[in-house]
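Data from structure_9.txt: compact mmCIF, C-alpha atoms
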```txt
# COMPACT_ATOMS: atom_id res chain seq x y z
CA MET O 9 0.00 0.00 0.00
CA GLU O 10 1.21 3.49 -0.80
CA ASN O 11 2.48 5.42 2.19
CA PRO O 12 -0.08 8.23 2.78
CA MET O 13 2.67 10.42 4.21
CA SER O 14 5.09 9.90 1.34
CA LEU O 15 7.10 12.97 0.37
CA GLU O 16 8.54 11.42 -2.77
CA GLY O 17 9.15 14.01 -5.46
CA ARG O 18 8.76 16.95 -3.04
CA VAL O 19 11.35 19.69 -2.72
CA ILE O 20 11.18 21.08 0.81
CA MET O 21 13.09 24.03 2.22
CA MET O 22 13.80 23.80 5.94
CA THR O 23 15.19 26.56 8.13
CA GLY O 24 16.86 26.00 11.48
CA ALA O 25 17.97 22.60 10.27
CA ALA O 26 21.34 22.34 12.04
CA GLN O 27 20.15 20.80 15.31
CA GLY O 28 17.27 19.74 17.51
CA ILE O 29 13.80 19.57 16.02
CA GLY O 30 14.93 20.91 12.65
CA GLN O 31 17.48 18.14 12.33
CA ALA O 32 14.92 15.50 13.32
CA VAL O 33 12.32 16.79 10.84
CA ALA O 34 14.93 16.79 8.09
CA ALA O 35 15.80 13.16 8.85
CA LYS O 36 12.14 12.11 8.86
CA ALA O 37 11.29 14.00 5.66
CA SER O 38 14.33 12.55 3.91
CA ALA O 39 13.30 9.03 4.94
CA LEU O 40 9.87 9.76 3.46
CA GLY O 41 11.51 10.62 0.14
CA ALA O 42 11.81 14.41 0.17
CA THR O 43 14.56 16.38 -1.53
CA LEU O 44 15.77 18.94 0.99
CA ALA O 45 17.28 22.40 0.98
CA LEU O 46 18.58 23.06 4.48
CA VAL O 47 19.11 26.55 5.91
CA ASP O 48 20.91 27.67 9.08
CA VAL O 49 23.61 30.02 10.31
CA ASN O 50 25.48 27.00 11.73
CA GLU O 51 27.42 25.45 8.84
CA ASP O 52 28.94 22.63 10.92
CA GLY O 53 25.50 21.67 12.20
CA LEU O 54 24.08 21.66 8.68
CA LYS O 55 26.85 19.32 7.54
CA GLU O 56 26.03 17.03 10.47
CA THR O 57 22.37 16.98 9.43
CA GLN O 58 23.33 16.36 5.82
CA GLY O 59 25.33 13.30 6.88
CA MET O 60 22.25 11.80 8.57
CA LEU O 61 19.99 11.95 5.53
CA GLU O 62 19.04 9.15 3.19
CA ASN O 63 18.73 11.44 0.18
CA GLY O 64 21.37 14.03 1.00
CA ALA O 65 20.57 17.75 0.84
CA ASN O 66 21.73 21.11 -0.44
CA LEU O 67 23.02 23.45 2.26
CA HIS O 68 22.49 27.20 2.50
CA VAL O 69 24.36 29.02 5.27
CA GLY O 70 22.94 32.33 6.44
CA SER O 71 20.32 34.06 8.56
CA VAL O 72 16.60 34.13 7.88
CA ALA O 73 16.66 37.66 9.31
CA ASP O 74 18.51 38.74 6.13
CA PRO O 75 15.88 39.22 3.39
CA LYS O 76 18.43 39.19 0.57
CA PHE O 77 19.90 35.90 1.77
CA VAL O 78 16.42 34.38 1.93
CA GLN O 79 15.47 35.61 -1.55
CA ASP O 80 18.76 34.39 -3.01
CA THR O 81 18.33 31.00 -1.33
CA VAL O 82 14.78 30.55 -2.62
CA ALA O 83 15.95 31.50 -6.13
CA ALA O 84 18.86 29.04 -5.92
CA VAL O 85 16.60 26.18 -4.81
CA ILE O 86 14.14 26.88 -7.61
CA ASP O 87 16.96 27.14 -10.14
CA LYS O 88 18.34 23.76 -9.06
CA HIS O 89 15.12 21.81 -8.58
CA GLY O 90 12.54 23.68 -10.62
CA ALA O 91 10.13 24.27 -7.75
CA ILE O 92 9.65 24.34 -4.01
CA ASN O 93 6.77 22.18 -2.75
CA GLY O 94 7.15 22.78 0.96
CA LEU O 95 8.60 25.14 3.56
CA TYR O 96 9.31 24.17 7.16
CA ASN O 97 9.76 27.58 8.81
CA ASN O 98 11.66 26.52 11.93
CA ALA O 99 14.59 28.88 12.61
CA GLY O 100 14.50 30.40 16.07
CA ILE O 101 16.63 31.75 18.90
CA VAL O 102 16.19 32.48 22.60
CA ARG O 103 17.36 35.55 24.53
CA ALA O 104 15.91 35.13 28.01
CA ALA O 105 15.27 37.90 30.57
CA MET O 106 12.40 39.04 32.74
CA ALA O 107 10.28 41.71 31.04
CA HIS O 108 11.47 44.58 33.25
CA LYS O 109 15.12 43.68 32.62
CA MET O 110 15.07 42.80 28.92
CA SER O 111 17.25 44.94 26.68
CA LEU O 112 15.88 46.30 23.44
CA ALA O 113 18.70 44.47 21.66
CA ASP O 114 17.56 41.09 23.03
CA TRP O 115 13.94 41.91 22.23
CA GLN O 116 14.82 42.84 18.65
CA ALA O 117 17.12 39.85 18.04
CA VAL O 118 14.34 37.37 18.80
CA ILE O 119 11.71 39.31 16.85
CA ASP O 120 14.08 39.53 13.86
CA VAL O 121 14.63 35.76 13.67
CA ASN O 122 11.50 34.20 15.18
CA LEU O 123 8.91 36.52 13.67
CA THR O 124 10.30 38.62 10.82
CA GLY O 125 12.39 35.67 9.63
CA VAL O 126 9.26 33.51 9.47
CA PHE O 127 7.48 36.18 7.44
CA VAL O 128 10.39 36.75 5.05
CA CYS O 129 10.71 33.02 4.28
CA LEU O 130 6.96 32.53 3.99
CA GLN O 131 6.65 35.53 1.67
CA ALA O 132 9.48 34.44 -0.64
CA VAL O 133 8.29 30.84 -0.93
CA GLY O 134 4.63 31.89 -1.06
CA ARG O 135 5.25 34.21 -4.00
CA HIS O 136 6.83 31.34 -5.89
CA MET O 137 3.94 29.00 -5.07
CA ARG O 138 1.38 31.59 -6.16
CA GLU O 139 3.17 32.07 -9.47
CA ARG O 140 3.17 28.33 -10.09
CA ALA O 141 -0.52 28.11 -9.29
CA GLY O 142 -1.22 30.96 -11.70
CA GLU O 143 0.52 28.94 -14.40
CA GLY O 144 -1.79 26.01 -13.76
CA ASP O 145 0.60 23.99 -11.58
CA ASP O 146 -1.52 21.96 -9.13
CA SER O 147 1.41 20.16 -7.45
CA PRO O 148 1.53 20.19 -3.60
CA LYS O 149 2.18 23.50 -1.87
CA ARG O 150 2.65 23.31 1.91
CA ILE O 151 4.00 25.77 4.49
CA VAL O 152 4.47 24.79 8.14
CA ASN O 153 5.45 27.57 10.54
CA VAL O 154 6.84 26.87 14.01
CA SER O 155 5.01 28.58 16.85
CA SER O 156 4.96 27.32 20.44
CA VAL O 157 2.65 26.82 23.40
CA ALA O 158 4.44 29.96 24.64
CA GLY O 159 2.66 31.84 21.86
CA ARG O 160 -0.72 30.64 23.10
CA ARG O 161 -0.42 31.15 26.86
CA GLY O 162 2.58 33.45 27.35
CA THR O 163 5.83 32.59 29.05
CA ILE O 164 7.88 33.79 32.02
CA GLY O 165 11.31 35.23 31.31
CA GLN O 166 10.90 35.23 27.51
CA ILE O 167 8.44 37.96 26.63
CA ASN O 168 10.23 38.43 23.30
CA TYR O 169 9.85 34.73 22.45
CA GLY O 170 6.21 34.62 23.52
CA ALA O 171 5.40 37.70 21.45
CA ALA O 172 7.15 36.32 18.38
CA LYS O 173 5.48 32.92 18.62
CA SER O 174 2.08 34.51 19.12
CA GLY O 175 2.75 36.59 16.03
CA VAL O 176 3.50 33.43 14.05
CA LEU O 177 -0.07 32.29 14.72
CA GLY O 178 -1.37 35.48 13.10
CA ILE O 179 1.00 35.13 10.16
CA THR O 180 -0.21 31.56 9.65
CA MET O 181 -3.91 32.40 9.67
CA SER O 182 -3.53 35.47 7.46
CA ALA O 183 -1.47 33.66 4.84
CA ALA O 184 -3.88 30.71 4.92
CA HIS O 185 -6.78 33.06 4.18
CA GLU O 186 -4.96 34.83 1.36
CA TRP O 187 -3.47 31.80 -0.35
CA ALA O 188 -6.07 29.05 0.01
CA ARG O 189 -7.40 29.87 -3.47
CA TYR O 190 -3.98 28.96 -4.86
CA GLY O 191 -3.94 25.54 -3.21
CA ILE O 192 -1.34 26.63 -0.65
CA CYS O 193 -1.89 25.10 2.78
CA VAL O 194 -0.38 27.15 5.61
CA ASN O 195 -0.36 25.73 9.14
CA SER O 196 1.63 26.06 12.33
CA VAL O 197 2.90 23.62 14.94
CA CYS O 198 2.99 24.56 18.62
CA PHE O 199 5.56 22.51 20.50
CA GLY O 200 5.51 21.95 24.23
CA THR O 201 8.59 20.86 26.15
CA VAL O 202 10.88 19.08 23.70
CA GLU O 203 14.29 17.85 24.87
CA THR O 204 16.53 20.32 23.06
CA GLU O 205 19.15 22.88 24.03
CA MET O 206 16.51 25.62 23.96
CA THR O 207 14.52 24.00 26.79
CA GLU O 208 17.43 23.26 29.14
CA VAL O 209 16.31 25.86 31.69
CA VAL O 210 12.71 24.66 32.06
CA ARG O 211 13.97 21.08 32.25
CA GLY O 212 16.47 21.98 34.98
CA PRO O 213 16.06 21.44 38.74
CA LYS O 214 14.60 24.90 39.37
CA PHE O 215 11.63 24.53 37.00
CA ILE O 216 11.19 20.80 36.28
CA GLU O 217 8.40 20.27 38.81
CA GLN O 218 6.17 23.03 37.45
CA THR O 219 7.04 22.05 33.88
CA MET O 220 5.90 18.47 34.42
CA ALA O 221 2.77 19.58 36.30
CA ARG O 222 1.49 21.23 33.10
CA ILE O 223 1.76 18.06 30.97
CA PRO O 224 -1.18 15.62 31.33
CA MET O 225 0.79 12.85 29.60
CA GLY O 226 3.36 13.13 32.39
CA ARG O 227 6.47 13.26 30.22
CA MET O 228 8.45 15.48 27.91
CA THR O 229 9.10 14.56 24.31
CA THR O 230 11.98 14.28 21.86
CA PRO O 231 12.71 15.87 18.48
CA ASP O 232 12.18 12.49 16.80
CA GLU O 233 8.68 12.16 18.27
CA VAL O 234 7.48 15.57 17.10
CA ALA O 235 8.94 15.21 13.59
CA GLY O 236 6.09 12.93 12.45
CA PRO O 237 3.27 15.47 12.93
CA VAL O 238 5.30 18.08 11.05
CA CYS O 239 5.74 15.72 8.11
CA PHE O 240 2.00 14.97 8.25
CA LEU O 241 1.30 18.65 7.56
CA LEU O 242 3.81 18.61 4.69
CA SER O 243 2.18 15.54 3.12
CA ASP O 244 -0.95 14.91 1.03
CA THR O 245 -2.63 13.47 4.12
CA ALA O 246 -3.14 17.09 5.22
CA SER O 247 -4.27 18.37 1.82
CA TYR O 248 -7.51 19.82 3.26
CA VAL O 249 -5.93 21.34 6.37
CA THR O 250 -5.03 25.02 6.39
CA GLY O 251 -4.92 27.89 8.86
CA GLN O 252 -4.61 25.50 11.79
CA HIS O 253 -2.33 25.39 14.85
CA LEU O 254 -1.39 21.84 15.80
CA ASN O 255 -0.44 21.52 19.47
CA ILE O 256 2.28 18.89 19.90
CA CYS O 257 2.56 19.20 23.65
CA GLY O 258 1.42 16.11 25.53
CA GLY O 259 -1.93 17.77 26.32
CA SER O 260 -0.60 20.90 28.03
CA GLN O 261 -2.82 23.04 25.78
CA ILE O 262 -6.05 21.04 25.92
CA GLY O 263 -8.94 23.36 25.12
CA PHE O 264 -6.81 26.17 23.68
```

Now that the file is in, can you turn its structure into structure tokens?
Amino acid sequence: MENPMSLEGRVIMMTGAAQGIGQAVAAKASALGATLALVDVNEDGLKETQGMLENGANLHVGSVADPKFVQDTVAAVIDKHGAINGLYNNAGIVRAAMAHKMSLADWQAVIDVNLTGVFVCLQAVGRHMRERAGEGDDSPKRIVNVSSVAGRRGTIGQINYGAAKSGVLGITMSAAHEWARYGICVNSVCFGTVETEMTEVVRGPKFIEQTMARIPMGRMTTPDEVAGPVCFLLSDTASYVTGQHLNICGGSQIGF
């Protein structure tokens, strides 16, 4: 039987692919047959990800906060492969501080990458997908943005991160409204506590008890476990899903 989540023949651009969840999603998508274009500022990490993949990948080193780099990367991927079928908009950083102590520089750094970077990548890939649709191309067109449960309920010590991830929800819904007529599905994923470098503090001794108390399933998760739902949204199985926010959080956001 054909795999309903097959990504054979799909060209997918993935940002933040050098480690953690991005690396795991790249590995899963490659195993499902996708051709990948991987983006990150961390060249060594990208090479590590590339070495894990069944189908290999093209690497693009630079920041999603640089619009010219993003536009050049999208053009290079299209020039090499002819089209982009999917975007996994995952790049993100953390600059933690309580709201009354946060510097404007730390606020802006997170907004630039986690919010503006998401928009810049979505816009560049979305323009390409719209053009293809206008030419009668009905091949798959999927965009998955990375938000967070922090964008749905707020977060302590990361007001910049919470604001950016909340903004990603708005970007997702607005783009889904505008581009549905072109067959472009735009969704977001909202991760809970995933075992990555970015969650080390909330998994540490000071916060672990309250972190676990918020998770009905009683455990944290791994990058490998959350990669499957992301690939679902990139696949034909989710062809009638758009403008949605998929909580991948062990139940911590039930009802929201």

Per-axis box centre and lengths in Å around range 236-247 of chain O, 3 Å margin per side, axis-aligned, as AutoDock Vina command-line options:
```
--center_x 0.9 --center_y 15.8 --center_z 7.0 --size_x 16.4 --size_y 11.7 --size_z 17.9
```

Shell of 12 Å around Glu233 in chain O, all atoms listed in the file, local chain residues under 6 positions omitted, as a PDB file with C-alpha atoms, in the frame of the given file:
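Output file out34.pdb follows:
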```pdb
ATOM      1  CA  GLY O  28      17.270  19.740  17.510  1.00  0.00           C
ATOM      2  CA  ILE O  29      13.800  19.570  16.020  1.00  0.00           C
ATOM      3  CA  ALA O  32      14.920  15.500  13.320  1.00  0.00           C
ATOM      4  CA  VAL O  33      12.320  16.790  10.840  1.00  0.00           C
ATOM      5  CA  ALA O  35      15.800  13.160   8.850  1.00  0.00           C
ATOM      6  CA  LYS O  36      12.140  12.110   8.860  1.00  0.00           C
ATOM      7  CA  PHE O 199       5.560  22.510  20.500  1.00  0.00           C
ATOM      8  CA  GLY O 200       5.510  21.950  24.230  1.00  0.00           C
ATOM      9  CA  THR O 201       8.590  20.860  26.150  1.00  0.00           C
ATOM     10  CA  VAL O 202      10.880  19.080  23.700  1.00  0.00           C
ATOM     11  CA  GLU O 203      14.290  17.850  24.870  1.00  0.00           C
ATOM     12  CA  CYS O 239       5.740  15.720   8.110  1.00  0.00           C
ATOM     13  CA  ILE O 256       2.280  18.890  19.900  1.00  0.00           C
ATOM     14  CA  CYS O 257       2.560  19.200  23.650  1.00  0.00           C
ATOM     15  CA  GLY O 258       1.420  16.110  25.530  1.00  0.00           C
TER      16      GLY O 258
END
```

**Request:** Skip Gly59 in chain O itself and residues of its chain fewer than 6 positions away, then list as a ChimeraX atom specification all residues within 12 Å of it, counting only C-alpha atoms.
**Result:** /O:26,31,34-35,38,52-53,65-67

Show me a table, sorted first by chain and then by increasing residue number, of the residues of range 177-211 of chain O having an atom at most 12 Å from range 105-127 of chain O, each with its shortest atom pair and the distance in Å to one decimal, counting all atoms listed in the file and written as CSV.
```
residue,atom,partner,partner_atom,distance
O:Leu177,CA,O:Leu123,CA,10.0
O:Gly178,CA,O:Leu123,CA,10.3
O:Ile179,CA,O:Phe127,CA,7.1
O:Thr180,CA,O:Phe127,CA,9.2
O:Ser182,CA,O:Phe127,CA,11.0
O:Ala183,CA,O:Phe127,CA,9.7
O:Ser196,CA,O:Val126,CA,11.0
```

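By chain and then residue number, the residues within 10 Å of Ala42 in chain O are Ser14, Leu15, Glu16, Gly17, Arg18, Val19, Ile20, Met21, Ala34, Ala35, Lys36, Ala37, Ser38, Ala39, Leu40, Leu44, Ala45, Glu62, Asn63, Gly64, Ala65, Asn93 and Gly94 of chain O, counting all atoms listed in the file and disregarding those fewer than 2 positions away in sequence.
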
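With all atoms listed in the file as the atoms that count, the residue of O:Ala184, O:Val197, O:Leu95, O:Met228 with the shortest distance to Ile216 in chain O is O:Met228.
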
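The residue that comes closest to Ala25 in chain O, out of O:Ala99, O:Leu130, O:Ile86, O:Met137 and on the basis of only C-alpha atoms, is O:Ala99.
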
**Request:** Could you jot down the CA of Leu46 in chain O to CA of Tyr96 in chain O separation for me, Å, one decimal place?
**Result:** 9.7 Å

**Message:** Within 8 Å of (-1.5, 21.2, 32.8) (file coordinates; all atoms listed in the file), which protein or nucleic acid residues are there? I'd like them as a ChimeraX atom specification.
**Reply:** /O:221-224,259-261

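Computed from the coordinates, the CA of Ala171 in chain O to CA of Val238 in chain O distance equals 22.2 Å.
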
**Asked** Near Ser174 in chain O, within 9 Å and counting only C-alpha atoms, which residues show up once chain neighbours fewer than 3 positions away are dropped, as a PyMOL selection string?
**Response** chain O and resi 123+155-162+169-171+177-178

**Request:** Write out as a VMD selection string the residues lying within 12 Å of Glu186 in chain O, counting only C-alpha atoms and excluding same-chain residues fewer than 5 positions away.
**Result:** chain O and resid 131 134 to 135 138 179 to 181 191 to 194 250 to 251

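Relative to CA of Asn195 in chain O, CA of Ala246 in chain O is found at 9.9 Å.
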
**Fill in**
From the list O:His253, O:Thr245, O:Gly236, O:Thr163, the nearest residue to Cys198 in chain O using all atoms listed in the file is O:His253

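Comparing the minimum interatomic distances between Val72 in chain O and each of O:Gly90, O:Gly30, O:Gly41, O:Gly24, counting only C-alpha atoms, we find that O:Gly24 sits nearest.
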
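Distance check against Arg140 in chain O using only C-alpha atoms: of O:Leu61, O:Thr43, O:Tyr190, O:Glu51, the minimum falls on O:Tyr190.
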